[in-house]
Every structure is written in C-alpha cells, then in structure tokens.
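Pasted below: target_5.cif, mmCIF, C-alpha atoms.
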data_upload
loop_
_atom_site.label_atom_id
_atom_site.label_comp_id
_atom_site.auth_asym_id
_atom_site.auth_seq_id
_atom_site.Cartn_x
_atom_site.Cartn_y
_atom_site.Cartn_z
CA MET A 184 162.74 300.12 176.30
CA SER A 185 159.36 299.47 175.32
CA ILE A 186 160.28 299.71 171.69
CA VAL A 187 162.93 297.11 172.21
CA SER A 188 160.60 294.87 174.11
CA ASP A 189 157.94 295.29 171.43
CA ARG A 190 160.45 294.36 168.83
CA LEU A 191 161.62 291.45 170.90
CA SER A 192 158.10 290.24 171.46
CA LYS A 193 157.40 290.47 167.70
CA LEU A 194 160.58 288.55 167.04
CA GLU A 195 159.62 285.86 169.52
CA HIS A 196 156.15 285.68 167.98
CA GLU A 197 157.67 285.30 164.47
CA VAL A 198 160.10 282.64 165.71
CA HIS A 199 157.18 280.68 167.25
CA ALA A 200 155.29 281.04 163.96
CA ILE A 201 158.29 279.76 162.00
CA LYS A 202 158.72 276.88 164.45
CA GLY A 203 155.02 276.01 164.02
CA SER A 204 155.29 276.12 160.23
CA LEU A 205 158.48 274.03 160.39
CA ASP A 206 156.56 271.36 162.29
CA TRP A 207 153.99 271.21 159.53
CA ALA A 208 156.77 271.16 156.90
CA LYS A 209 158.37 268.24 158.72
CA VAL A 210 155.05 266.44 158.67
CA ALA A 211 154.54 267.20 154.96
CA PHE A 212 158.09 266.03 154.10
CA ALA A 213 157.62 262.90 156.20
CA PHE A 214 154.33 262.19 154.43
CA MET A 215 155.90 262.73 151.02
CA GLY A 216 158.80 260.45 152.02
CA ALA A 217 156.36 257.75 153.16
CA VAL A 218 154.39 257.99 149.92
CA THR A 219 157.63 257.82 147.89
CA LEU A 220 158.87 254.81 149.87
CA GLY A 221 155.46 253.16 149.47
CA GLY A 222 155.61 253.80 145.73
CA PHE A 223 159.06 252.28 145.51
CA ALA A 224 157.86 249.29 147.55
CA ILE A 225 154.93 248.78 145.17
CA LEU A 226 157.25 249.17 142.19
CA ALA A 227 159.69 246.62 143.68
CA ALA A 228 156.80 244.20 144.24
CA GLN A 229 155.65 244.66 140.64
CA ILE A 230 159.18 244.14 139.34
CA GLY A 231 159.49 241.03 141.50
CA GLY A 232 156.19 239.72 140.08
CA VAL A 233 157.34 240.43 136.54
CA ARG A 234 160.65 238.70 137.29
CA THR A 235 158.76 235.66 138.61
CA GLU A 236 156.53 235.61 135.54
CA MET A 237 159.55 235.96 133.28
CA THR A 238 161.34 233.12 135.06
CA ALA A 239 158.27 230.91 134.70
CA GLY A 240 157.92 231.99 131.07
CA ASN A 241 161.58 231.24 130.42
CA ALA A 242 161.23 227.80 131.96
CA SER A 243 158.12 227.14 129.89
CA LEU A 244 159.82 228.45 126.77
CA ARG A 245 162.91 226.35 127.51
CA THR A 246 160.69 223.26 127.85
CA GLU A 247 158.87 224.07 124.61
CA MET A 248 162.14 224.72 122.78
CA THR A 249 163.64 221.48 124.06
CA ALA A 250 160.56 219.59 122.91
CA GLY A 251 160.61 221.49 119.62
CA ASN A 252 164.30 220.73 119.13
CA ALA A 253 163.69 217.06 119.81
CA SER A 254 160.79 217.06 117.36
CA LEU A 255 162.83 218.93 114.77
CA ARG A 256 165.76 216.55 115.31
CA ALA A 257 163.44 213.56 114.82
CA GLU A 258 161.94 215.09 111.66
CA MET A 259 165.38 215.90 110.26
CA THR A 260 166.65 212.40 111.05
CA ALA A 261 163.62 210.87 109.34
CA GLY A 262 164.08 213.19 106.35
CA ILE A 263 167.76 212.39 106.04
CA SER A 264 167.00 208.68 106.34
CA ALA A 265 164.34 208.94 103.62
CA LEU A 266 166.73 210.94 101.44
CA HIS A 267 169.43 208.32 101.99
CA THR A 268 166.98 205.57 100.98
CA GLU A 269 165.95 207.49 97.87
CA MET A 270 169.56 208.17 96.93
CA THR A 271 170.51 204.53 97.44
CA ALA A 272 167.62 203.42 95.23
CA GLY A 273 168.49 206.13 92.71
CA ASN A 274 172.15 205.05 92.71
CA ALA A 275 171.15 201.42 92.12
CA SER A 276 168.85 202.48 89.29
CA LEU A 277 171.52 204.75 87.84
CA ARG A 278 174.11 201.99 88.14
CA THR A 279 171.79 199.60 86.27
CA GLU A 280 171.12 202.18 83.57
CA MET A 281 174.83 202.97 83.22
CA THR A 282 175.71 199.28 82.97
CA ALA A 283 173.07 198.79 80.28
CA GLY A 284 174.27 201.91 78.45
CA ILE A 285 177.92 200.82 78.57
CA SER A 286 176.96 197.34 77.36
CA ALA A 287 174.99 198.82 74.46
CA LEU A 288 177.88 201.15 73.68
CA ARG A 289 180.30 198.18 73.62
CA THR A 290 178.03 196.35 71.18
CA GLU A 291 177.72 199.42 68.94
CA MET A 292 181.47 200.05 69.05
CA ALA A 293 182.22 196.41 68.17
CA ALA A 294 179.83 196.57 65.20
CA GLU A 295 181.35 199.89 64.11
CA ALA A 296 184.88 198.42 64.42
CA ARG A 297 183.87 195.39 62.28
CA ALA A 298 182.37 197.72 59.64
CA THR A 299 185.50 199.89 59.69
CA ARG A 300 187.77 196.80 59.35
CA ALA A 301 185.71 195.51 56.42
CA GLU A 302 185.81 198.92 54.73
CA LEU A 303 189.57 199.25 55.32
CA SER A 304 190.12 195.70 54.06
CA SER A 305 188.21 196.37 50.84
CA THR A 306 190.02 199.72 50.37
CA ILE A 307 193.43 198.08 50.95
CA SER A 308 192.51 195.25 48.56
CA ALA A 309 191.47 197.76 45.88
CA ILE A 310 194.72 199.72 46.34
CA ALA A 311 196.78 196.51 46.18
CA ASN A 312 194.97 195.37 43.01
CA SER A 313 195.55 198.75 41.36
CA ILE A 314 199.25 198.65 42.30
CA THR A 315 199.54 195.12 40.94
CA ALA A 316 197.75 196.15 37.76
CA THR A 317 200.10 199.08 37.20
CA LYS A 318 203.19 196.85 37.58
CA GLN A 319 201.99 194.28 35.03
CA GLN A 320 202.95 194.65 31.45
CA ALA A 321 200.28 196.39 29.52
CA PRO A 322 198.52 194.06 27.13
CA GLN A 323 199.42 194.56 23.48
CA VAL A 324 196.60 195.77 21.42
CA ILE A 325 196.81 195.09 17.73
CA LEU A 326 194.60 197.18 15.64
CA VAL A 327 193.16 195.40 12.69
CA PRO A 328 191.53 197.56 10.10
CA ALA A 329 187.93 196.86 9.50
CA PRO A 330 187.10 195.10 6.27
CA THR A 331 185.83 197.36 3.60
CA THR A 332 183.04 196.34 1.29
CA PRO A 333 182.90 197.56 -2.31
CA ALA A 334 180.37 200.13 -2.97
CA GLN A 335 177.42 198.98 -4.99
CA LYS A 336 176.05 200.86 -7.86
#
Starting from the file, lay out its structure as structure tokens.
Amino acid sequence: MSIVSDRLSKLEHEVHAIKGSLDWAKVAFAFMGAVTLGGFAILAAQIGGVRTEMTAGNASLRTEMTAGNASLRAEMTAGISALHTEMTAGNASLRTEMTAGISALRTEMAAEARATRAELSSTISAIANSITATKQQAPQVILVPAPTTPAQK
C-alpha cells in the first residue's frame, strides 16, 4: 500500500499545486478584467467629452450659420433691390428711346409715303397723257418739197 499512498500523496500534492496556480490565474484574470473595464471607462469618458465638444461645436456652427444666412439674406435682398432699381431705370430709358425711335420712324414713313404718292401721281399723269395722246387724231403732216435753185455756171 505504500505505492498507492505514494501515488495518492503525489496526486494530492499536484491538486494543491493546481489549486495554488488557479488562485493566481483568478487574480491575473481579475486584474485583466479590471484593466479592461478601466480602459472602457476611459474610452466612454473620452467619447462623452467628444460628444460634448461636438454638441457645443454644433450649437456654435448653428449660430454662425443662422447669422450667415441672415447676412446672406440681407445681401441678396439688397442686391435684388438694386437690380430692380437698375431694371426700372433701364426700362424707363428703353421706353424713352423706343418712343423716340417710333416717332422718328413715323416721320420717316410719312415722308416716304408723300414721296411715293408724288412719284405715283407723276407716273399716273404721264400714263394718262400718253393714253390721251394715242387716242387723238394724228396731226397731218404735209410735205412740201424744198425749193430748188438753178445751178450757176
């Protein structure tokens, strides 16, 4: 039985050794778990800080964009108003120029119409005179021989 008891004592010794190493493994796993949890806590704090900074940045950006939009709206309104003023002045100027051009065109067309009427009147008068002349009896032409003179020697 001594062999069995030796084997049993070795087994008990190995079991105690394993139990002792398991205690250290538990400690090592606990330490690694604590470090991991601490890392996640630090990461969560960093993410929370970034989120806070982003929220503040968004608010600041929103304020800047609102101010920028108001400024842009004011500039666009002023530009459109100036453009409207320029177009109104341009329309008035264009209207004046068109009125003057139409008036000048009327004068030119009236003069051209008078010239055309005078030309047509003279052409019609010439045609009427030629028609009247062709309907009149042709004048009689009597040919008289020219006097002859005796030849001198």
CA of His199 in chain A and CA of Ser185 in chain A, how far apart in Å? 20.6 Å
How many Å separate CA of Ala217 in chain A from CA of Val198 in chain A?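 Result for CA of Ala217 in chain A versus CA of Val198 in chain A: 28.1 Å, one decimal.
Straight-line separation from CA of Thr246 in chain A to CA of Ile230 in chain A: 23.9 Å.
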